[in-house]
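Have a look at final12.cif; it's mmCIF, C-alpha atoms:
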data_work
loop_
_atom_site.label_atom_id
_atom_site.label_comp_id
_atom_site.auth_asym_id
_atom_site.auth_seq_id
_atom_site.Cartn_x
_atom_site.Cartn_y
_atom_site.Cartn_z
CA MET I 1 -47.49 76.48 204.00
CA ALA I 2 -50.04 73.74 203.44
CA THR I 3 -53.41 74.55 201.90
CA PRO I 4 -56.53 72.34 201.55
CA ILE I 5 -56.37 69.52 199.00
CA GLY I 6 -60.04 69.94 198.17
CA ASN I 7 -62.34 71.07 200.94
CA ALA I 8 -61.57 74.72 201.69
CA ALA I 9 -62.74 74.28 205.28
CA ASP I 10 -59.63 72.21 205.97
CA ILE I 11 -57.47 75.35 206.14
CA SER I 12 -55.95 75.78 209.60
CA LEU I 13 -56.41 78.82 211.81
CA ARG I 14 -52.65 79.30 211.83
CA ALA I 15 -52.50 79.21 208.02
CA LEU I 16 -55.23 81.87 207.79
CA ALA I 17 -53.36 84.06 210.27
CA VAL I 18 -50.10 83.76 208.33
CA LEU I 19 -51.77 84.41 204.97
CA SER I 20 -53.49 87.48 206.39
CA ALA I 21 -50.24 88.82 207.82
CA ALA I 22 -48.13 88.12 204.73
CA ASP I 23 -47.02 91.04 202.60
CA ILE I 24 -46.52 88.72 199.63
CA ILE I 25 -47.86 85.23 198.92
CA CYS I 26 -45.96 83.08 196.40
CA ALA I 27 -48.51 80.83 194.71
CA GLU I 28 -48.19 78.02 192.19
CA ASP I 29 -51.29 79.30 190.39
CA THR I 30 -52.47 82.74 191.49
CA ARG I 31 -55.99 82.00 190.22
CA VAL I 32 -56.37 78.94 192.43
CA THR I 33 -54.90 80.62 195.50
CA GLY I 34 -56.86 83.77 194.73
CA GLN I 35 -60.10 81.84 195.14
CA LEU I 36 -58.99 80.55 198.55
CA LEU I 37 -57.96 84.03 199.70
CA ALA I 38 -61.23 85.55 198.47
CA ARG I 39 -63.21 82.97 200.44
CA TYR I 40 -61.60 84.21 203.65
CA GLY I 41 -61.38 87.90 202.75
CA ILE I 42 -57.58 87.97 202.54
CA GLN I 43 -56.09 90.63 200.26
CA SER I 44 -52.33 90.00 200.45
CA ARG I 45 -50.34 90.49 197.26
CA LEU I 46 -50.08 87.36 195.09
CA VAL I 47 -47.12 86.50 192.84
CA SER I 48 -46.60 83.40 190.70
CA VAL I 49 -43.82 81.01 191.70
CA ARG I 50 -44.04 77.88 189.58
CA GLU I 51 -41.66 75.07 188.71
CA HIS I 52 -40.38 76.87 185.60
CA ASN I 53 -39.55 80.17 187.36
CA GLU I 54 -38.76 78.99 190.89
CA ARG I 55 -35.01 79.57 190.63
CA THR I 56 -35.30 83.09 189.24
CA MET I 57 -38.07 84.07 191.64
CA ALA I 58 -35.93 82.97 194.58
CA ASP I 59 -33.73 86.05 194.09
CA LYS I 60 -36.79 88.30 194.21
CA VAL I 61 -38.09 86.58 197.34
CA ILE I 62 -34.73 87.01 199.04
CA GLY I 63 -34.83 90.69 198.08
CA TRP I 64 -38.27 91.10 199.63
CA LEU I 65 -37.08 89.40 202.81
CA ALA I 66 -34.10 91.74 202.92
CA GLU I 67 -36.57 94.64 202.88
CA GLY I 68 -38.27 93.17 205.95
CA GLN I 69 -41.36 91.87 204.17
CA LEU I 70 -43.15 88.72 205.27
CA VAL I 71 -43.36 86.20 202.42
CA ALA I 72 -45.54 83.06 202.44
CA GLN I 73 -45.41 80.25 199.92
CA VAL I 74 -48.22 77.88 198.94
CA SER I 75 -48.87 75.35 196.20
CA ASP I 76 -52.27 74.81 194.58
CA ALA I 77 -53.21 72.15 197.13
CA GLY I 78 -51.48 70.31 199.92
CA THR I 79 -47.93 70.87 201.11
CA PRO I 80 -45.33 72.70 198.97
CA ALA I 81 -42.25 70.70 197.90
CA VAL I 82 -44.16 67.39 198.21
CA SER I 83 -44.54 66.57 194.50
CA ASP I 84 -45.10 70.31 194.07
CA PRO I 85 -42.81 73.33 193.61
CA GLY I 86 -41.15 74.74 196.73
CA ALA I 87 -37.93 72.89 197.48
CA ARG I 88 -35.67 75.13 195.39
CA LEU I 89 -37.12 78.31 196.87
CA VAL I 90 -36.79 76.99 200.43
CA ALA I 91 -33.18 75.94 199.83
CA ALA I 92 -32.26 79.34 198.35
CA VAL I 93 -33.91 81.29 201.18
CA ARG I 94 -32.22 79.22 203.87
CA GLU I 95 -28.86 79.47 202.12
CA ALA I 96 -29.29 83.25 202.08
CA GLY I 97 -29.58 83.13 205.86
CA TYR I 98 -33.30 83.65 206.30
CA ARG I 99 -35.52 81.53 208.50
CA VAL I 100 -38.03 79.18 206.88
CA VAL I 101 -41.04 78.32 209.06
CA PRO I 102 -43.25 75.40 207.96
CA VAL I 103 -47.00 75.73 208.53
CA PRO I 104 -48.30 72.14 208.45
CA GLY I 105 -51.61 70.96 207.09
CA ALA I 106 -53.13 68.77 204.42
CA CYS I 107 -51.10 66.23 202.45
CA ALA I 108 -52.80 63.81 200.05
CA ALA I 109 -50.40 60.95 200.80
CA VAL I 110 -51.03 61.00 204.55
CA THR I 111 -54.76 61.57 204.04
CA ALA I 112 -54.93 58.48 201.83
CA LEU I 113 -52.96 56.36 204.30
CA SER I 114 -55.18 57.41 207.20
CA ALA I 115 -58.21 55.78 205.59
CA ALA I 116 -56.55 52.92 203.69
CA GLY I 117 -56.74 50.64 206.72
CA LEU I 118 -53.19 49.32 206.47
CA ALA I 119 -51.91 47.55 209.58
CA THR I 120 -48.34 48.73 209.04
CA THR I 121 -46.03 51.46 210.23
CA GLU I 122 -43.68 51.07 207.28
CA TRP I 123 -44.45 52.91 204.07
CA LEU I 124 -42.65 54.73 201.28
CA PHE I 125 -43.87 57.89 199.58
CA TYR I 126 -42.63 57.97 196.00
CA GLY I 127 -44.67 60.70 194.29
CA PHE I 128 -45.36 60.30 190.56
CA LEU I 129 -44.19 57.22 188.69
CA PRO I 130 -42.32 57.71 185.40
CA PRO I 131 -44.73 58.42 182.53
CA LYS I 132 -43.08 55.92 180.14
CA ALA I 133 -44.23 52.32 180.51
CA SER I 134 -40.75 50.74 180.53
CA ALA I 135 -39.45 53.05 183.26
CA ARG I 136 -42.69 52.70 185.23
CA ARG I 137 -42.49 48.90 185.19
CA LYS I 138 -38.83 48.99 186.18
CA GLN I 139 -39.68 51.06 189.24
CA LEU I 140 -42.59 48.81 190.19
CA GLU I 141 -40.30 45.79 189.89
CA ALA I 142 -38.09 47.29 192.61
CA TRP I 143 -41.06 47.02 195.00
CA ARG I 144 -42.32 43.59 193.97
CA GLU I 145 -41.02 41.97 197.16
CA ALA I 146 -41.16 45.10 199.35
CA SER I 147 -41.95 44.60 203.02
CA PHE I 148 -43.50 48.10 203.16
CA ALA I 149 -46.47 49.83 201.53
CA VAL I 150 -45.86 52.28 198.68
CA VAL I 151 -47.85 55.52 198.26
CA LEU I 152 -47.99 57.00 194.75
CA TYR I 153 -49.57 59.95 193.01
CA GLU I 154 -50.77 59.32 189.47
CA ALA I 155 -52.12 61.50 186.69
CA PRO I 156 -55.72 60.55 185.84
CA HIS I 157 -54.96 59.92 182.16
CA ARG I 158 -52.35 57.29 183.15
CA MET I 159 -54.43 55.47 185.76
CA ALA I 160 -55.49 52.61 183.47
CA GLU I 161 -51.93 52.00 182.25
CA CYS I 162 -50.49 52.28 185.75
CA THR I 163 -52.89 49.81 187.38
CA ALA I 164 -52.39 47.37 184.49
CA ASP I 165 -48.62 47.59 185.03
CA ILE I 166 -49.06 46.87 188.75
CA VAL I 167 -50.85 43.65 187.81
CA ALA I 168 -48.18 42.69 185.26
CA VAL I 169 -45.24 43.36 187.56
CA MET I 170 -46.49 42.77 191.10
CA GLY I 171 -49.16 40.15 190.52
CA ALA I 172 -52.93 39.96 190.23
CA ASP I 173 -53.48 39.58 193.97
CA ARG I 174 -51.33 42.44 195.27
CA ARG I 175 -53.81 44.62 197.14
CA VAL I 176 -54.13 48.24 196.03
CA THR I 177 -56.13 51.15 197.43
CA LEU I 178 -57.34 53.95 195.17
CA ALA I 179 -58.00 57.23 196.99
CA ARG I 180 -59.42 59.71 194.48
CA GLU I 181 -60.62 63.30 194.79
CA LEU I 182 -59.82 63.36 198.51
CA THR I 183 -62.00 65.69 200.63
CA LYS I 184 -64.02 66.65 197.54
CA THR I 185 -67.61 65.91 196.52
CA PHE I 186 -66.75 62.73 194.59
CA GLU I 187 -64.21 61.35 197.06
CA THR I 188 -63.58 57.65 196.40
CA PHE I 189 -61.84 55.04 198.55
CA ARG I 190 -61.63 51.45 197.38
CA THR I 191 -59.26 48.56 198.12
CA LEU I 192 -59.08 45.60 195.72
CA PRO I 193 -56.69 42.95 194.42
CA ALA I 194 -54.61 44.54 191.66
CA ASP I 195 -56.38 42.75 188.81
CA GLU I 196 -59.81 43.81 190.02
CA MET I 197 -58.57 47.36 190.54
CA ALA I 198 -57.18 47.48 187.00
CA ASP I 199 -60.47 46.17 185.57
CA TRP I 200 -62.50 48.69 187.56
CA VAL I 201 -60.36 51.64 186.49
CA ALA I 202 -60.34 50.52 182.86
CA THR I 203 -64.14 50.11 182.68
CA ASP I 204 -65.18 53.12 184.78
CA SER I 205 -64.04 56.38 183.22
CA ASN I 206 -64.88 58.25 186.44
CA GLN I 207 -61.86 56.58 188.04
CA GLN I 208 -59.66 58.21 185.41
CA ARG I 209 -60.54 61.74 186.49
CA GLY I 210 -59.36 64.09 189.20
CA GLU I 211 -56.51 63.75 191.70
CA CYS I 212 -55.49 60.15 192.37
CA VAL I 213 -53.45 58.48 195.12
CA LEU I 214 -52.56 54.79 194.94
CA VAL I 215 -51.46 52.77 197.97
CA ILE I 216 -49.80 49.45 197.12
CA GLU I 217 -49.72 47.10 200.06
CA ALA I 218 -46.56 45.28 201.12
CA ALA I 219 -45.75 41.92 199.59
CA PRO I 220 -46.97 38.95 201.63
CA ALA I 221 -44.40 38.22 204.30
CA ALA I 222 -42.25 35.14 203.84
CA ALA I 223 -43.38 34.04 207.28
CA ALA I 224 -47.00 33.98 206.11
CA ILE I 225 -46.05 31.74 203.20
CA GLU I 226 -44.05 29.45 205.46
CA ALA I 227 -47.01 29.25 207.84
CA LEU I 228 -49.33 28.10 205.06
CA ASP I 229 -50.72 24.77 206.21
CA GLU I 230 -50.21 21.58 204.26
CA ALA I 231 -53.89 21.27 203.34
CA ALA I 232 -53.94 24.73 201.72
CA ARG I 233 -50.70 23.99 199.84
CA HIS I 234 -52.07 20.67 198.60
CA THR I 235 -55.32 22.27 197.46
CA LEU I 236 -53.51 24.99 195.54
CA ASP I 237 -51.02 22.53 194.03
CA ILE I 238 -53.89 20.48 192.59
CA LEU I 239 -55.64 23.55 191.19
CA LEU I 240 -52.41 24.96 189.70
CA ALA I 241 -51.97 21.72 187.77
CA GLU I 242 -55.29 22.29 186.00
CA LEU I 243 -55.94 26.05 186.01
CA PRO I 244 -54.14 29.35 185.28
CA PRO I 245 -52.63 30.83 188.47
CA LYS I 246 -55.22 33.61 188.76
CA GLN I 247 -58.15 31.18 188.70
CA ALA I 248 -56.38 28.61 190.87
CA VAL I 249 -55.56 31.15 193.58
CA LYS I 250 -59.07 32.61 193.58
CA LEU I 251 -60.68 29.18 193.93
CA ALA I 252 -58.16 28.06 196.56
CA ALA I 253 -58.90 31.17 198.62
CA THR I 254 -62.60 30.32 198.54
CA LEU I 255 -61.99 26.70 199.53
CA THR I 256 -59.38 27.27 202.25
CA GLY I 257 -60.11 30.76 203.59
CA VAL I 258 -56.44 31.73 203.14
CA PRO I 259 -55.93 35.30 201.82
CA ARG I 260 -55.39 35.48 198.08
CA ASP I 261 -52.17 37.46 198.35
CA VAL I 262 -50.54 34.73 200.49
CA LEU I 263 -51.68 31.99 198.11
CA TYR I 264 -50.46 33.97 195.12
CA ALA I 265 -47.06 34.50 196.73
CA TYR I 266 -46.85 30.75 197.36
CA ALA I 267 -47.77 30.07 193.73
CA VAL I 268 -45.04 32.43 192.52
CA ALA I 269 -42.46 30.87 194.84
CA ARG I 270 -43.50 27.40 193.67
CA ARG I 271 -43.14 28.38 190.01
CA GLN I 272 -39.74 29.96 190.60
CA ALA I 273 -38.55 26.83 192.39
CA THR I 274 -39.74 24.71 189.46
CA GLU I 275 -37.98 26.91 186.90
CA ALA I 276 -34.70 27.07 188.83
#
Any chance you could give the structure as structure tokens?
Amino acid sequence: MATPIGNAADISLRALAVLSAADIICAEDTRVTGQLLARYGIQSRLVSVREHNERTMADKVIGWLAEGQLVAQVSDAGTPAVSDPGARLVAAVREAGYRVVPVPGACAAVTALSAAGLATTEWLFYGFLPPKASARRKQLEAWREASFAVVLYEAPHRMAECTADIVAVMGADRRVTLARELTKTFETFRTLPADEMADWVATDSNQQRGECVLVIEAAPAAAAIEALDEAARHTLDILLAELPPKQAVKLAATLTGVPRDVLYAYAVARRQATEA
């Protein structure tokens, strides 16, 4: 069952009805869920089902179901089993022959996408990137030429490293949206070229706090590069001969009105052709 990702008023009427009717509520953190239940005067029994005890607790849950009790499961915020505990318990309960009924609601990934302003129907939800830099960069490399957007969760203490890696692997002009502290008091939405996003995160410690969602836009389509007019190509070619790519692309975008990400993709393709 989904619970609010920040604003407690986002709980659905159906979720409140199920929580009220439940004999037992399996919670990731009973203290967090206890605050939500107290707000709505719900006194159902709370038990802790976390990542480290999910397998063992599944047997207990199945036992409670066998006794005819109604059991609900929630994570601290959002939808269980989406980068949160829940999948193992659901699988065990279904395998034991009991019905699992999803109660939909808030999900940070979809909430971020809804306000990111992407004109695409293709996107990939990945969850959390690997914490080690080498593995993180390897995963980002797999999406360098992706024709779809990528939605990530990131721990606040890794935000600076993560955004710097996006620049290093995917290019300075790849557009990135940061959706932070969604539905909460300090909710932040901002879309920037990757280099500007990395600079902002690195210099503003507030952007390294709270719950963070990153949306990496798709790579510029090959068709957009092919459609680049000869004047824009010529302008960028001249600038690339005298300036670093980042400066050349930025200036060319100002002079020609062509989006930076398309110009950057052309610059990369030009460099690769030269090196081949």
Task: Matched chain/residue IDs from the PyMOL selection byres ((chain I and resi 178-184) around 8), as a list in words - done: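 This file, filtered by the PyMOL selection byres ((chain I and resi 178-184) around 8), leaves Ile5, Gly6, Asn7, Ala108, Thr111, Ala112, Val176, Thr177, Thr185, Phe186, Glu187, Thr188, Phe189, Arg190, Thr191, Gln207, Gly210, Glu211, Cys212, Val213, Leu214 and Val215 of chain I.
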Write out the residues from the selection above, keeping C-alpha atoms, as a PDB file, in the coordinates of the input.
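Written out: result_24.pdb:
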ATOM      1  CA  ILE I   5     -56.370  69.520 199.000  1.00  0.00           C
ATOM      2  CA  GLY I   6     -60.040  69.940 198.170  1.00  0.00           C
ATOM      3  CA  ASN I   7     -62.340  71.070 200.940  1.00  0.00           C
ATOM      4  CA  ALA I 108     -52.800  63.810 200.050  1.00  0.00           C
ATOM      5  CA  THR I 111     -54.760  61.570 204.040  1.00  0.00           C
ATOM      6  CA  ALA I 112     -54.930  58.480 201.830  1.00  0.00           C
ATOM      7  CA  VAL I 176     -54.130  48.240 196.030  1.00  0.00           C
ATOM      8  CA  THR I 177     -56.130  51.150 197.430  1.00  0.00           C
ATOM      9  CA  THR I 185     -67.610  65.910 196.520  1.00  0.00           C
ATOM     10  CA  PHE I 186     -66.750  62.730 194.590  1.00  0.00           C
ATOM     11  CA  GLU I 187     -64.210  61.350 197.060  1.00  0.00           C
ATOM     12  CA  THR I 188     -63.580  57.650 196.400  1.00  0.00           C
ATOM     13  CA  PHE I 189     -61.840  55.040 198.550  1.00  0.00           C
ATOM     14  CA  ARG I 190     -61.630  51.450 197.380  1.00  0.00           C
ATOM     15  CA  THR I 191     -59.260  48.560 198.120  1.00  0.00           C
ATOM     16  CA  GLN I 207     -61.860  56.580 188.040  1.00  0.00           C
ATOM     17  CA  GLY I 210     -59.360  64.090 189.200  1.00  0.00           C
ATOM     18  CA  GLU I 211     -56.510  63.750 191.700  1.00  0.00           C
ATOM     19  CA  CYS I 212     -55.490  60.150 192.370  1.00  0.00           C
ATOM     20  CA  VAL I 213     -53.450  58.480 195.120  1.00  0.00           C
ATOM     21  CA  LEU I 214     -52.560  54.790 194.940  1.00  0.00           C
ATOM     22  CA  VAL I 215     -51.460  52.770 197.970  1.00  0.00           C
TER      23      VAL I 215
END
Quick one: residues within 7 Å of region 261-276 of chain I, all atoms listed in the file, excluding same-chain residues fewer than 6 positions away - as a PDB file with C-alpha atoms, in the frame of the given file?
ATOM      1  CA  ASP I 173     -53.480  39.580 193.970  1.00  0.00           C
ATOM      2  CA  ARG I 174     -51.330  42.440 195.270  1.00  0.00           C
ATOM      3  CA  PRO I 220     -46.970  38.950 201.630  1.00  0.00           C
ATOM      4  CA  ALA I 224     -47.000  33.980 206.110  1.00  0.00           C
ATOM      5  CA  ILE I 225     -46.050  31.740 203.200  1.00  0.00           C
ATOM      6  CA  VAL I 249     -55.560  31.150 193.580  1.00  0.00           C
TER       7      VAL I 249
END
Open item on the list: Between CA of Asp29 (chain I) and CA of Ala96 (chain I), what is the distance in Å, rounded to a tenth?
Closed with: 25.2 Å
- [ ] Report as a PyMOL selection string the full result of the PyMOL selection byres ((chain I and resi 60-64) around 12) when it is applied to this structure.
- [x] chain I and resi 22-26+47-49+53-59+65-73+88-100
Open item on the list: Ranking I:Leu192, I:Ala241, I:Ala133, I:Val103 by minimum distance to Asp165 (chain I) and counting all atoms listed in the file, which one comes first?
Closed with: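 Closest to Asp165 (chain I) of all the choices is I:Ala133.
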- [ ] Kindly indicate which residue among I:Ala198, I:Met1, I:Ala219, I:Ala232 lies nearest to Cys107 (chain I), using all atoms listed in the file for the distances.
- [x]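 Checking each candidate against Cys107 (chain I), we get I:Met1 as the closest.
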Task: Among the residues I:Arg50, I:Ala146, I:Pro156, I:Asp195, the one that comes closest to Ala168 (chain I) [using only C-alpha atoms] - done: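 Closest residue, counting only C-alpha atoms: I:Asp195.
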TODO: Quick one: pull the distance between CA of Ala194 (chain I) and CA of Thr163 (chain I), Å, one decimal.
DONE: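 Separating CA of Ala194 (chain I) from CA of Thr163 (chain I) is a distance of 7.0 Å.
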Task: d(CA of Gly78 (chain I), CA of Ala27 (chain I)) in Å - done: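 Result for CA of Gly78 (chain I) versus CA of Ala27 (chain I): 12.1 Å, one decimal.
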- [ ] List the residues sitting within 12 Å of (-43.0, 58.8, 183.7) in the file's frame, using all atoms listed in the file, as a list of chain:residue names.
- [x] I:Gly127, I:Phe128, I:Leu129, I:Pro130, I:Pro131, I:Lys132, I:Ala133, I:Ser134, I:Ala135, I:Arg136, I:Arg137, I:Lys138, I:Gln139, I:Leu140, I:Tyr153, I:Glu154, I:Ala155, I:Arg158, I:Glu161, I:Cys162
Open item on the list: Expand the PyMOL selection byres ((chain I and resi 83) around 9) into the explicit residue set it covers here, and present it as number ranges by chain.
Closed with: I: 79-82, 84-85, 126-128, 153
Open item on the list: Please determine, counting only C-alpha atoms, which residue among I:Leu19, I:Ala149, I:Arg14, I:Gln35 has the shortest atom-to-atom distance to Leu118 (chain I).
Closed with: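 Among the listed residues, the smallest separation from Leu118 (chain I) belongs to I:Ala149.
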Task: Nearest residue to Ile216 (chain I) from the set I:Asp237, I:Asp229, I:Glu145, I:Asp199 (distances using only C-alpha atoms) - done: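 Among I:Asp237, I:Asp229, I:Glu145, I:Asp199, it is I:Glu145 that comes nearest to Ile216 (chain I).
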Task: Nearest-residue call for Ala109 (chain I), choices I:Ile11, I:Val32, I:Ala38, I:Leu124, using only C-alpha atoms - done: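 For Ala109 (chain I), the nearest of the candidates is I:Leu124.
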